[in-house]
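Below: final.tsv (TSV, C-alpha atoms and all ligand atoms)
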chain	number	residue	atom	x	y	z
K	1471	MET	CA	8.66	21.03	-64.32
K	1472	ASN	CA	11.16	18.36	-63.35
K	1473	ARG	CA	9.80	15.26	-61.60
K	1474	ILE	CA	12.81	13.03	-61.19
K	1475	LEU	CA	13.14	9.35	-60.32
K	1476	VAL	CA	16.55	8.04	-59.27
K	1477	THR	CA	16.91	4.24	-59.27
K	1478	GLY	CA	19.66	2.68	-57.17
K	1479	SER	CA	19.70	5.97	-55.31
K	1480	ARG	CA	21.62	4.78	-52.25
K	1481	GLY	CA	24.63	3.53	-54.19
K	1482	GLN	CA	27.97	5.31	-54.48
K	1483	LEU	CA	26.89	7.57	-57.33
K	1484	GLY	CA	23.24	7.91	-56.33
K	1485	SER	CA	23.76	9.15	-52.80
K	1486	ASP	CA	25.72	12.18	-54.01
K	1487	LEU	CA	23.66	12.71	-57.15
K	1488	VAL	CA	20.41	12.84	-55.15
K	1489	VAL	CA	21.79	15.56	-52.88
K	1490	ALA	CA	22.85	17.61	-55.91
K	1491	LEU	CA	19.53	17.05	-57.70
K	1492	ARG	CA	17.50	18.02	-54.62
K	1493	ARG	CA	19.57	21.17	-54.20
K	1494	ARG	CA	18.83	22.09	-57.79
K	1495	TYR	CA	15.23	20.95	-58.24
K	1496	GLY	CA	13.79	20.79	-54.70
K	1497	ALA	CA	13.57	17.87	-52.28
K	1498	THR	CA	10.07	16.69	-53.19
K	1499	HIS	CA	10.80	16.74	-56.90
K	1500	VAL	CA	13.40	13.99	-56.58
K	1501	ILE	CA	12.07	10.50	-55.82
K	1502	GLU	CA	14.69	8.07	-54.60
K	1503	SER	CA	14.31	4.35	-55.10
K	1504	GLY	CA	16.12	1.14	-54.33
K	1505	ARG	CA	15.53	-2.47	-53.48
K	1506	SER	CA	15.70	-2.06	-49.69
K	1507	LEU	CA	13.63	-0.12	-47.24
K	1508	HIS	CA	15.28	2.92	-45.67
K	1509	SER	CA	14.25	4.69	-42.51
K	1510	GLN	CA	14.46	8.18	-44.00
K	1511	ASP	CA	11.29	7.54	-45.99
K	1512	SER	CA	9.29	10.75	-45.55
K	1513	ALA	CA	7.09	12.96	-47.66
K	1514	LEU	CA	9.83	15.58	-47.84
K	1515	LEU	CA	12.51	13.12	-48.95
K	1516	PRO	CA	10.45	10.65	-50.96
K	1517	TYR	CA	11.89	7.14	-51.24
K	1518	LYS	CA	10.20	4.14	-52.90
K	1519	VAL	CA	11.16	0.50	-52.53
K	1520	LEU	CA	11.45	-0.47	-56.19
K	1521	ASP	CA	13.01	-3.40	-58.02
K	1522	VAL	CA	13.69	-2.17	-61.55
K	1523	THR	CA	13.08	-5.65	-62.96
K	1524	ASP	CA	9.44	-5.28	-61.84
K	1525	ASN	CA	8.04	-3.47	-64.85
K	1526	GLN	CA	4.53	-2.96	-63.49
K	1527	HIS	CA	5.75	-1.44	-60.26
K	1528	LEU	CA	8.15	0.82	-62.14
K	1529	GLN	CA	5.28	2.12	-64.27
K	1530	ALA	CA	3.07	2.59	-61.20
K	1531	VAL	CA	5.76	4.74	-59.53
K	1532	ILE	CA	6.20	6.77	-62.74
K	1533	GLU	CA	2.46	7.41	-62.89
K	1534	GLN	CA	2.12	8.13	-59.17
K	1535	TYR	CA	4.78	10.86	-59.27
K	1536	GLN	CA	4.31	11.94	-62.91
K	1537	ILE	CA	7.98	11.34	-63.54
K	1538	ASP	CA	9.55	13.12	-66.53
K	1539	THR	CA	13.23	12.31	-65.93
K	1540	ILE	CA	14.92	9.10	-64.73
K	1541	TYR	CA	18.50	8.74	-63.54
K	1542	HIS	CA	18.71	4.99	-63.86
K	1543	LEU	CA	21.61	3.96	-61.63
K	1544	ALA	CA	20.39	0.58	-60.35
K	1545	GLY	CA	22.82	-2.12	-61.41
K	1546	LEU	CA	25.52	-4.56	-60.32
K	1547	LEU	CA	29.16	-3.50	-60.72
K	1548	SER	CA	31.98	-5.57	-62.22
K	1549	ALA	CA	33.24	-7.67	-59.30
K	1550	LYS	CA	29.79	-8.42	-57.92
K	1551	GLY	CA	28.66	-9.18	-61.45
K	1552	GLU	CA	31.31	-11.91	-61.74
K	1553	GLN	CA	30.05	-13.45	-58.50
K	1554	GLN	CA	26.39	-13.27	-59.58
K	1555	PRO	CA	26.35	-13.20	-63.39
K	1556	ASP	CA	22.67	-14.15	-63.73
K	1557	LEU	CA	21.55	-11.43	-61.38
K	1558	CYS	CA	23.90	-8.99	-63.12
K	1559	TRP	CA	22.30	-9.75	-66.47
K	1560	ASP	CA	18.78	-9.59	-65.06
K	1561	VAL	CA	19.14	-6.28	-63.20
K	1562	ASN	CA	21.44	-4.52	-65.66
K	1563	ILE	CA	19.68	-5.54	-68.88
K	1564	ASN	CA	16.05	-6.11	-67.96
K	1565	GLY	CA	16.06	-3.14	-65.60
K	1566	LEU	CA	17.37	-0.87	-68.36
K	1567	ARG	CA	14.92	-2.28	-70.90
K	1568	ASN	CA	12.02	-1.57	-68.51
K	1569	VAL	CA	13.24	1.99	-68.02
K	1570	LEU	CA	13.61	2.54	-71.78
K	1571	GLU	CA	10.15	1.08	-72.46
K	1572	ALA	CA	8.68	3.42	-69.84
K	1573	ALA	CA	10.65	6.31	-71.34
K	1574	LYS	CA	9.11	5.54	-74.72
K	1575	SER	CA	5.55	5.35	-73.36
K	1576	TYR	CA	5.69	8.36	-71.01
K	1577	GLN	CA	8.17	10.60	-72.94
K	1578	ILE	CA	10.73	10.44	-70.16
K	1579	LYS	CA	14.30	11.73	-70.45
K	1580	VAL	CA	16.85	9.19	-69.17
K	1581	PHE	CA	20.41	9.21	-67.84
K	1582	TRP	CA	22.11	5.83	-67.66
K	1583	PRO	CA	25.74	5.20	-66.70
K	1584	SER	CA	27.82	3.00	-68.94
K	1585	SER	CA	31.42	2.25	-68.04
K	1586	ILE	CA	35.01	1.83	-69.16
K	1587	ALA	CA	34.12	-1.86	-68.65
K	1588	VAL	CA	32.66	-1.92	-72.19
K	1589	PHE	CA	36.27	-2.20	-73.36
K	1590	GLY	CA	38.32	-5.38	-73.30
K	1591	PRO	CA	41.68	-6.97	-73.95
K	1592	HIS	CA	41.78	-6.03	-77.65
K	1593	THR	CA	40.85	-2.38	-77.10
K	1594	PRO	CA	43.74	0.12	-77.33
K	1595	LYS	CA	44.81	0.65	-73.72
K	1596	LEU	CA	45.97	4.24	-74.08
K	1597	ASP	CA	43.79	7.12	-75.26
K	1598	THR	CA	41.03	4.65	-76.05
K	1599	PRO	CA	38.95	6.35	-78.75
K	1600	GLN	CA	35.20	6.93	-78.59
K	1601	ILE	CA	34.74	4.25	-81.23
K	1602	ALA	CA	36.94	1.26	-80.43
K	1603	VAL	CA	36.83	-2.52	-80.18
K	1604	LYS	CA	34.50	-3.57	-77.37
K	1605	ASP	CA	35.23	-7.13	-76.25
K	1606	PRO	CA	34.55	-7.06	-72.50
K	1607	SER	CA	35.54	-10.09	-70.48
K	1608	THR	CA	33.09	-9.51	-67.61
K	1609	MET	CA	29.33	-9.99	-67.43
K	1610	TYR	CA	29.14	-6.39	-66.22
K	1611	GLY	CA	30.96	-5.21	-69.35
K	1612	ILE	CA	28.71	-7.35	-71.54
K	1613	THR	CA	25.61	-5.77	-69.99
K	1614	LYS	CA	27.08	-2.31	-70.55
K	1615	VAL	CA	27.80	-2.98	-74.25
K	1616	ALA	CA	24.31	-4.42	-74.77
K	1617	GLY	CA	22.86	-1.56	-72.72
K	1618	GLU	CA	24.60	1.07	-74.86
K	1619	LEU	CA	23.19	-0.55	-77.99
K	1620	LEU	CA	19.72	-0.66	-76.43
K	1621	CYS	CA	19.94	3.05	-75.58
K	1622	ASN	CA	21.00	3.86	-79.12
K	1623	TYR	CA	18.17	1.71	-80.51
K	1624	TYR	CA	15.50	3.42	-78.40
K	1625	ALA	CA	16.89	6.83	-79.33
K	1626	GLN	CA	16.97	6.08	-83.07
K	1627	GLN	CA	13.76	4.06	-83.37
K	1628	PHE	CA	11.49	5.76	-80.86
K	1629	GLY	CA	13.08	9.16	-80.27
K	1630	VAL	CA	13.78	8.45	-76.59
K	1631	ASP	CA	16.07	11.14	-75.17
K	1632	VAL	CA	18.48	8.82	-73.38
K	1633	ARG	CA	21.97	10.09	-72.55
K	1634	SER	CA	24.91	8.15	-71.21
K	1635	LEU	CA	28.52	8.38	-70.04
K	1636	ARG	CA	31.20	5.69	-69.94
K	1637	LEU	CA	32.20	6.43	-66.38
K	1638	PRO	CA	35.63	5.52	-65.05
K	1639	GLY	CA	36.21	4.48	-61.41
K	1640	ILE	CA	34.46	6.99	-59.17
K	1641	ILE	CA	36.21	8.26	-56.03
K	1642	SER	CA	33.88	9.60	-53.36
K	1643	TYR	CA	33.47	9.97	-49.61
K	1644	SER	CA	29.71	9.80	-48.84
K	1645	THR	CA	28.95	6.16	-49.57
K	1646	PRO	CA	31.51	3.44	-50.25
K	1647	PRO	CA	31.35	1.72	-53.65
K	1648	GLY	CA	29.74	-1.69	-53.78
K	1649	GLY	CA	31.52	-4.37	-55.72
K	1650	GLY	CA	33.63	-2.83	-58.45
K	1651	ALA	CA	37.20	-3.49	-59.59
K	1652	THR	CA	38.07	0.17	-58.95
K	1653	ASP	CA	36.93	0.06	-55.29
K	1654	PHE	CA	40.56	-0.02	-54.09
K	1655	ALA	CA	40.90	3.67	-54.99
K	1656	VAL	CA	38.25	4.50	-52.38
K	1657	GLU	CA	38.94	1.80	-49.75
K	1658	ILE	CA	42.54	2.96	-49.55
K	1659	PHE	CA	41.54	6.31	-48.01
K	1660	TYR	CA	39.50	4.67	-45.24
K	1661	ALA	CA	42.32	2.20	-44.52
K	1662	ALA	CA	45.05	4.87	-44.57
K	1663	LEU	CA	43.20	7.07	-42.08
K	1664	GLN	CA	41.95	4.30	-39.79
K	1665	TYR	CA	44.70	1.68	-39.86
K	1666	GLY	CA	47.73	3.25	-41.56
K	1667	VAL	CA	47.95	0.18	-43.79
K	1668	TYR	CA	45.99	-1.15	-46.78
K	1669	ASN	CA	45.89	-4.53	-48.51
K	1670	CYS	CA	45.42	-3.51	-52.14
K	1671	PHE	CA	43.74	-6.08	-54.40
K	1672	VAL	CA	45.53	-4.95	-57.56
K	1673	ARG	CA	49.25	-4.78	-58.36
K	1674	PRO	CA	51.13	-1.48	-57.84
K	1675	GLU	CA	51.49	-0.70	-61.56
K	1676	THR	CA	47.76	-1.14	-62.28
K	1677	ARG	CA	46.70	2.09	-63.97
K	1678	LEU	CA	43.04	2.93	-64.49
K	1679	PRO	CA	40.92	5.93	-65.46
K	1680	MET	CA	39.31	7.56	-62.41
K	1681	MET	CA	37.13	10.57	-61.60
K	1682	TYR	CA	36.32	12.49	-58.43
K	1683	ILE	CA	32.64	12.62	-57.51
K	1684	PRO	CA	32.13	16.40	-58.01
K	1685	ASP	CA	33.44	16.00	-61.57
K	1686	ALA	CA	31.15	13.01	-62.12
K	1687	ILE	CA	28.08	14.91	-60.89
K	1688	ARG	CA	28.97	17.89	-63.08
K	1689	ALA	CA	29.49	15.63	-66.10
K	1690	ILE	CA	26.02	14.14	-65.58
K	1691	PHE	CA	24.40	17.58	-65.15
K	1692	ASP	CA	26.19	19.06	-68.15
K	1693	LEU	CA	25.23	16.11	-70.33
K	1694	MET	CA	21.60	16.19	-69.23
K	1695	GLN	CA	21.31	19.95	-69.75
K	1696	ALA	CA	23.05	20.09	-73.11
K	1697	ASP	CA	20.91	21.08	-76.11
K	1698	LEU	CA	19.29	18.13	-77.82
K	1699	ALA	CA	21.13	18.96	-81.06
K	1700	SER	CA	24.54	18.75	-79.39
K	1701	ILE	CA	24.06	15.15	-78.26
K	1702	LYS	CA	25.53	13.26	-81.20
K	1703	VAL	CA	26.34	10.00	-79.41
K	1704	ARG	CA	23.42	7.88	-78.25
K	1705	THR	CA	25.39	4.84	-77.18
K	1706	SER	CA	27.57	6.46	-74.51
K	1707	TYR	CA	30.25	9.15	-74.29
K	1708	ASN	CA	33.83	8.47	-73.18
K	1709	VAL	CA	34.55	10.82	-70.27
K	1710	ALA	CA	37.96	11.07	-68.63
K	1711	ALA	CA	39.42	13.00	-65.72
K	1712	VAL	CA	42.54	11.43	-64.23
K	1713	SER	CA	44.46	8.25	-64.70
K	1714	PHE	CA	46.87	6.88	-62.12
K	1715	SER	CA	48.40	3.64	-60.91
K	1716	ALA	CA	47.80	2.15	-57.47
K	1717	GLU	CA	51.38	3.01	-56.43
K	1718	GLU	CA	51.00	6.63	-57.59
K	1719	LEU	CA	47.89	6.91	-55.43
K	1720	VAL	CA	49.78	5.45	-52.47
K	1721	ALA	CA	52.65	7.93	-52.98
K	1722	GLU	CA	50.21	10.85	-53.09
K	1723	ILE	CA	48.53	9.73	-49.85
K	1724	GLN	CA	51.96	9.29	-48.24
K	1725	LYS	CA	52.67	13.00	-48.84
K	1726	HIS	CA	49.96	13.64	-46.21
K	1727	LEU	CA	50.34	10.45	-44.13
K	1728	PRO	CA	54.04	9.50	-44.33
K	1729	ASP	CA	53.62	6.38	-42.15
K	1730	PHE	CA	50.99	4.86	-44.41
K	1731	THR	CA	52.01	1.59	-46.04
K	1732	CYS	CA	50.34	-0.47	-48.74
K	1733	ARG	CA	50.65	-4.21	-49.31
K	1734	TYR	CA	49.71	-5.59	-52.69
K	1735	ILE	CA	47.69	-8.80	-52.61
K	1736	PRO	CA	46.04	-9.14	-56.02
K	1737	ASP	CA	42.85	-11.19	-56.24
K	1738	PHE	CA	40.34	-11.97	-59.03
K	1739	ARG	CA	39.74	-8.25	-59.56
K	1740	GLN	CA	43.26	-7.89	-61.00
K	1741	ALA	CA	42.19	-9.66	-64.19
K	1742	ILE	CA	39.17	-7.38	-64.50
K	1743	ALA	CA	41.32	-4.27	-64.05
K	1744	ASP	CA	43.89	-5.61	-66.53
K	1745	SER	CA	41.21	-5.96	-69.21
K	1746	TRP	CA	40.30	-2.25	-69.06
K	1747	PRO	CA	42.01	0.78	-70.62
K	1748	SER	CA	44.54	2.83	-68.65
K	1749	ALA	CA	43.38	6.17	-70.05
K	1750	ILE	CA	40.56	7.04	-72.41
K	1751	ASP	CA	40.14	9.79	-75.00
K	1752	ASP	CA	37.10	11.98	-74.27
K	1753	SER	CA	37.53	14.52	-77.06
K	1754	LYS	CA	34.03	13.80	-78.42
K	1755	ALA	CA	32.38	14.73	-75.08
K	1756	ARG	CA	34.55	17.87	-74.92
K	1757	ALA	CA	33.58	18.87	-78.45
K	1758	ASP	CA	29.86	18.03	-78.30
K	1759	TRP	CA	28.81	19.41	-74.92
K	1760	GLY	CA	31.89	21.03	-73.44
K	1761	TRP	CA	33.07	18.40	-70.94
K	1762	GLN	CA	36.05	19.54	-68.85
K	1763	PRO	CA	37.25	17.85	-65.65
K	1764	ILE	CA	38.61	19.87	-62.70
K	1765	TYR	CA	40.18	17.50	-60.15
K	1766	ASP	CA	43.64	16.00	-60.66
K	1767	LEU	CA	45.19	13.35	-58.40
K	1768	SER	CA	46.64	15.74	-55.83
K	1769	ALA	CA	43.35	17.69	-55.57
K	1770	ILE	CA	41.42	14.44	-55.12
K	1771	VAL	CA	43.71	13.18	-52.37
K	1772	ASN	CA	43.66	16.55	-50.56
K	1773	ASP	CA	39.90	16.72	-50.59
K	1774	MET	CA	39.26	13.04	-49.76
K	1775	LEU	CA	41.50	13.22	-46.70
K	1776	ALA	CA	39.96	16.52	-45.60
K	1777	LYS	CA	36.43	15.12	-45.96
K	1778	LEU	CA	37.07	11.71	-44.40
K	1779	SER	CA	39.49	12.42	-41.55
K	1780	PRO	CA	36.94	14.13	-39.24
K	1781	ARG	CA	34.61	11.13	-39.69
K	1782	LEU	CA	37.06	8.27	-39.16
K	1783	LYS	CA	38.59	7.10	-35.90
K	1784	LYS	CA	42.17	5.92	-35.97
K	1785	VAL	CA	42.37	2.28	-34.86
K	1786	PRO	CA	45.14	1.65	-32.27
K	1787	LYS	CA	48.11	-0.38	-33.60
K	1788	SER	CA	47.49	-3.15	-31.02
K	1789	THR	CA	44.21	-4.13	-32.72
K	1790	LEU	CA	45.64	-3.92	-36.23
K	1791	SER	CA	46.44	-7.59	-36.72
K	1792	LYS	CA	42.72	-8.36	-36.45
K	1793	VAL	CA	41.54	-5.81	-38.98
K	1794	SER	CA	44.26	-5.75	-41.61
K	1795	ALA	CA	45.10	-9.41	-41.96
K	1801	LIG	N1	33.81	1.27	-61.14
K	1801	LIG	C1	33.24	0.26	-61.97
K	1801	LIG	C2	33.65	-1.09	-61.53
K	1801	LIG	O1	34.74	-1.20	-61.00
K	1801	LIG	C3	33.64	0.46	-63.39
K	1801	LIG	O2	32.57	0.95	-64.09
K	1801	LIG	O3	32.95	-2.02	-61.75
Transcribe the structure of this file into structure tokens.
Amino acid sequence: MNRILVTGSRGQLGSDLVVALRRRYGATHVIESGRSLHSQDSALLPYKVLDVTDNQHLQAVIEQYQIDTIYHLAGLLSAKGEQQPDLCWDVNINGLRNVLEAAKSYQIKVFWPSSIAVFGPHTPKLDTPQIAVKDPSTMYGITKVAGELLCNYYAQQFGVDVRSLRLPGIISYSTPPGGGATDFAVEIFYAALQYGVYNCFVRPETRLPMMYIPDAIRAIFDLMQADLASIKVRTSYNVAAVSFSAEELVAEIQKHLPDFTCRYIPDFRQAIADSWPSAIDDSKARADWGWQPIYDLSAIVNDMLAKLSPRLKKVPKSTLSKVSA
């Protein structure tokens, strides 16, 4: 029987993953957790306030709910990690180590997201192979490289069934992303629908690997359900879906919203984006457990606009100078 703990459950990935997990395994079988208190805390939708760096509390929650699977999503993303490198190290590394230690003691299966941020300036930018130079220039990337090695170590030394994906930028509509260098690819939809204009923090030609949330959820499910013998990579699998530049995304949105304009005002996140690959090779994930993405750029834009437009109010032009400056 699955008793699932999701850490960082109210983040961009977690909020959609929890819905999908509860649909599949039942509401009470999925325990959400995060560092802040949320009002929806009820017996039917269990939520625990949990700081993953607090090892004792983590173990107490595991024992209380007899957890057998953890989706360990708690962590700081790339841009936030540059602003708070100590916290990024503490949460991303010590949190993962606590989860892996618990997994070893309680025979827990673990999913943990790695990232394209493991790669760096000396990695091949196009069709980045599964095994490639990893010289990240961000603290986030450093924690992901170390985290991948930790996962591999716990799998090899202690037989922990930990599985991981190097996720690209995730595009989704339920919860906005919090502090990544790929956030522009989500923010742009909100800005286009509400204001008709967006100040993009990367240059127009910046091309990054991206994935739509239904593909990301399916990748996680497929990986977690794959036969043990088919999981040959215990660091983390490259997974790809689409790859587009900021200006290609703008052009695709303009097919639906012809008046939409984008201004490019690069900030410190440009350097982070520049250090990452433009497109990665995921043939190992395809071969080992059958990974196959569905959504291309035009399908993503269609669906994002359809999902977000009923929820967002257009802001009148007269108030625009205040919000878009
Ligand atoms: N989306 C993440 C970030 O921008 C990459 O893993 O930090």
- [ ] Please write as a ChimeraX atom specification the list of polymer residues whose atoms come within 9 Å of (32.9, 11.7, -76.7), counting all atoms listed in the file and keeping to the coordinates of the file.
- [x] /K:1599-1601,1635,1702-1703,1706-1709,1751-1759,1761
Emit the selected residues as a PDB file, in the frame of the given file, including C-alpha atoms.
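part18.pdb, written as the output of this step:
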ATOM      1  CA  PRO K1599      38.950   6.350 -78.750  1.00  0.00           C
ATOM      2  CA  GLN K1600      35.200   6.930 -78.590  1.00  0.00           C
ATOM      3  CA  ILE K1601      34.740   4.250 -81.230  1.00  0.00           C
ATOM      4  CA  LEU K1635      28.520   8.380 -70.040  1.00  0.00           C
ATOM      5  CA  LYS K1702      25.530  13.260 -81.200  1.00  0.00           C
ATOM      6  CA  VAL K1703      26.340  10.000 -79.410  1.00  0.00           C
ATOM      7  CA  SER K1706      27.570   6.460 -74.510  1.00  0.00           C
ATOM      8  CA  TYR K1707      30.250   9.150 -74.290  1.00  0.00           C
ATOM      9  CA  ASN K1708      33.830   8.470 -73.180  1.00  0.00           C
ATOM     10  CA  VAL K1709      34.550  10.820 -70.270  1.00  0.00           C
ATOM     11  CA  ASP K1751      40.140   9.790 -75.000  1.00  0.00           C
ATOM     12  CA  ASP K1752      37.100  11.980 -74.270  1.00  0.00           C
ATOM     13  CA  SER K1753      37.530  14.520 -77.060  1.00  0.00           C
ATOM     14  CA  LYS K1754      34.030  13.800 -78.420  1.00  0.00           C
ATOM     15  CA  ALA K1755      32.380  14.730 -75.080  1.00  0.00           C
ATOM     16  CA  ARG K1756      34.550  17.870 -74.920  1.00  0.00           C
ATOM     17  CA  ALA K1757      33.580  18.870 -78.450  1.00  0.00           C
ATOM     18  CA  ASP K1758      29.860  18.030 -78.300  1.00  0.00           C
ATOM     19  CA  TRP K1759      28.810  19.410 -74.920  1.00  0.00           C
ATOM     20  CA  TRP K1761      33.070  18.400 -70.940  1.00  0.00           C
TER      21      TRP K1761
END
Task: Who sits within 9 Å of Ala1696 in chain K, all atoms listed in the file, same chain under 3 positions skipped, as a PyMOL selection string - done: chain K and resi 1691-1693+1699-1701+1758-1760
Task: Test item: residues at most 10 Å from range 1614-1630 of chain K, all atoms listed in the file, excluding those fewer than 3 positions along its chain, as JSON, numbers by chain - done: {"K": [1559, 1562, 1563, 1564, 1565, 1566, 1567, 1570, 1571, 1572, 1573, 1574, 1575, 1576, 1577, 1578, 1579, 1580, 1581, 1582, 1583, 1584, 1585, 1586, 1587, 1588, 1589, 1604, 1605, 1606, 1608, 1609, 1610, 1611, 1633, 1634, 1635, 1636, 1703, 1704, 1705, 1706, 1707]}
Centre and edges of the ligand LIG 1801 (chain K) box, axis-aligned, 5 Å extra per side, as JSON:
{"center_x": 33.7, "center_y": -0.4, "center_z": -62.5, "size_x": 12.2, "size_y": 13.3, "size_z": 13.1}
Compile a residue-level contact table for chain K against ligand LIG 1801 (chain K) at a cut-off of 10 Å, reporting for every qualifying residue the shortest atom pair and its distance in Å to one decimal, with only C-alpha atoms and all ligand atoms counted, rows ordered by chain and ascending number, as CSV.
residue,atom,partner,partner_atom,distance
K:Gln1482,CA,K:LIG1801,N1,9.7
K:Leu1546,CA,K:LIG1801,O3,8.0
K:Leu1547,CA,K:LIG1801,O3,4.2
K:Ser1548,CA,K:LIG1801,O3,3.7
K:Ala1549,CA,K:LIG1801,O3,6.2
K:Lys1550,CA,K:LIG1801,O3,8.1
K:Gly1551,CA,K:LIG1801,O3,8.4
K:Pro1583,CA,K:LIG1801,O2,8.5
K:Ser1584,CA,K:LIG1801,O2,7.1
K:Ser1585,CA,K:LIG1801,O2,4.3
K:Ile1586,CA,K:LIG1801,O2,5.7
K:Ala1587,CA,K:LIG1801,O2,5.6
K:Val1588,CA,K:LIG1801,O2,8.6
K:Thr1608,CA,K:LIG1801,O3,9.5
K:Tyr1610,CA,K:LIG1801,O3,7.3
K:Gly1611,CA,K:LIG1801,O2,8.3
K:Lys1614,CA,K:LIG1801,O2,9.1
K:Arg1636,CA,K:LIG1801,O2,7.7
K:Leu1637,CA,K:LIG1801,O2,6.0
K:Pro1638,CA,K:LIG1801,O2,5.6
K:Gly1639,CA,K:LIG1801,N1,4.0
K:Ile1640,CA,K:LIG1801,N1,6.1
K:Ile1641,CA,K:LIG1801,N1,9.0
K:Pro1647,CA,K:LIG1801,N1,7.9
K:Gly1648,CA,K:LIG1801,O3,8.6
K:Gly1649,CA,K:LIG1801,O3,6.6
K:Gly1650,CA,K:LIG1801,O1,3.2
K:Ala1651,CA,K:LIG1801,O1,3.6
K:Thr1652,CA,K:LIG1801,O1,4.1
K:Asp1653,CA,K:LIG1801,O1,6.2
K:Phe1654,CA,K:LIG1801,O1,9.1
K:Ala1655,CA,K:LIG1801,N1,9.7
K:Leu1678,CA,K:LIG1801,C3,9.8
K:Pro1679,CA,K:LIG1801,C3,9.3
K:Met1680,CA,K:LIG1801,N1,8.5
K:Met1681,CA,K:LIG1801,N1,9.9
K:Arg1739,CA,K:LIG1801,O1,8.8
K:Ile1742,CA,K:LIG1801,O1,8.4
K:Ala1743,CA,K:LIG1801,O1,7.9
K:Trp1746,CA,K:LIG1801,C3,9.2
Task: Spatial neighbours of Tyr1660 in chain K, max dist 9 Å, only C-alpha atoms, sep filter under 5 positions, as number ranges by chain - done: K: 1665, 1668, 1775, 1778-1779, 1782
Task: Distance in Å - CA of Val1531 in chain K versus CA of Val1500 in chain K - done: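 Separation between CA of Val1531 in chain K and CA of Val1500 in chain K: 12.4 Å.
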TODO: Point out the residue among K:Thr1598, K:Asp1631, K:Val1488, K:Glu1722 with the least atom-to-atom distance to Phe1659 in chain K, counting only C-alpha atoms.
DONE: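 Of K:Thr1598, K:Asp1631, K:Val1488, K:Glu1722, the one nearest Phe1659 in chain K is K:Glu1722, counting only C-alpha atoms.
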TODO: Would you mind telling me which residue in K:Asn1568, K:Gly1484, K:Cys1732, K:Gln1536 lies nearest to Thr1523 in chain K when using only C-alpha atoms?
DONE: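 Looking only at the distances to Thr1523 in chain K, the closest residue turns out to be K:Asn1568.
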Task: From K:Ala1716, K:Ile1537, K:Ile1687, K:Ala1711, residue lying nearest Val1569 in chain K [only C-alpha atoms] - done: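 Among K:Ala1716, K:Ile1537, K:Ile1687, K:Ala1711, it is K:Ile1537 that comes nearest to Val1569 in chain K.
The interatomic distance for the pair CA of Gly1504 in chain K and CA of Gln1534 in chain K works out to 16.4 Å.
Distance check against Asn1669 in chain K using all atoms listed in the file: of K:Phe1730, K:Tyr1682, K:Tyr1643, K:Tyr1495, the minimum falls on K:Phe1730.
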Contacts of Arg1688 in chain K at 10 Å (all atoms listed in the file; same-chain gap of 6+ positions) as a CSV table (one decimal) with C-alpha atoms, in the coordinates of the input:
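And here is the file that came out, selection20.csv:
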chain,number,residue,atom,x,y,z
K,1487,LEU,CA,23.7,12.7,-57.2
K,1490,ALA,CA,22.8,17.6,-55.9
K,1694,MET,CA,21.6,16.2,-69.2
K,1761,TRP,CA,33.1,18.4,-70.9
K,1762,GLN,CA,36.0,19.5,-68.8
K,1763,PRO,CA,37.2,17.8,-65.6
K,1764,ILE,CA,38.6,19.9,-62.7
Task: Two-atom distance - CA of Pro1555 in chain K, CA of Ile1658 in chain K (Å) - done: 26.7 Å
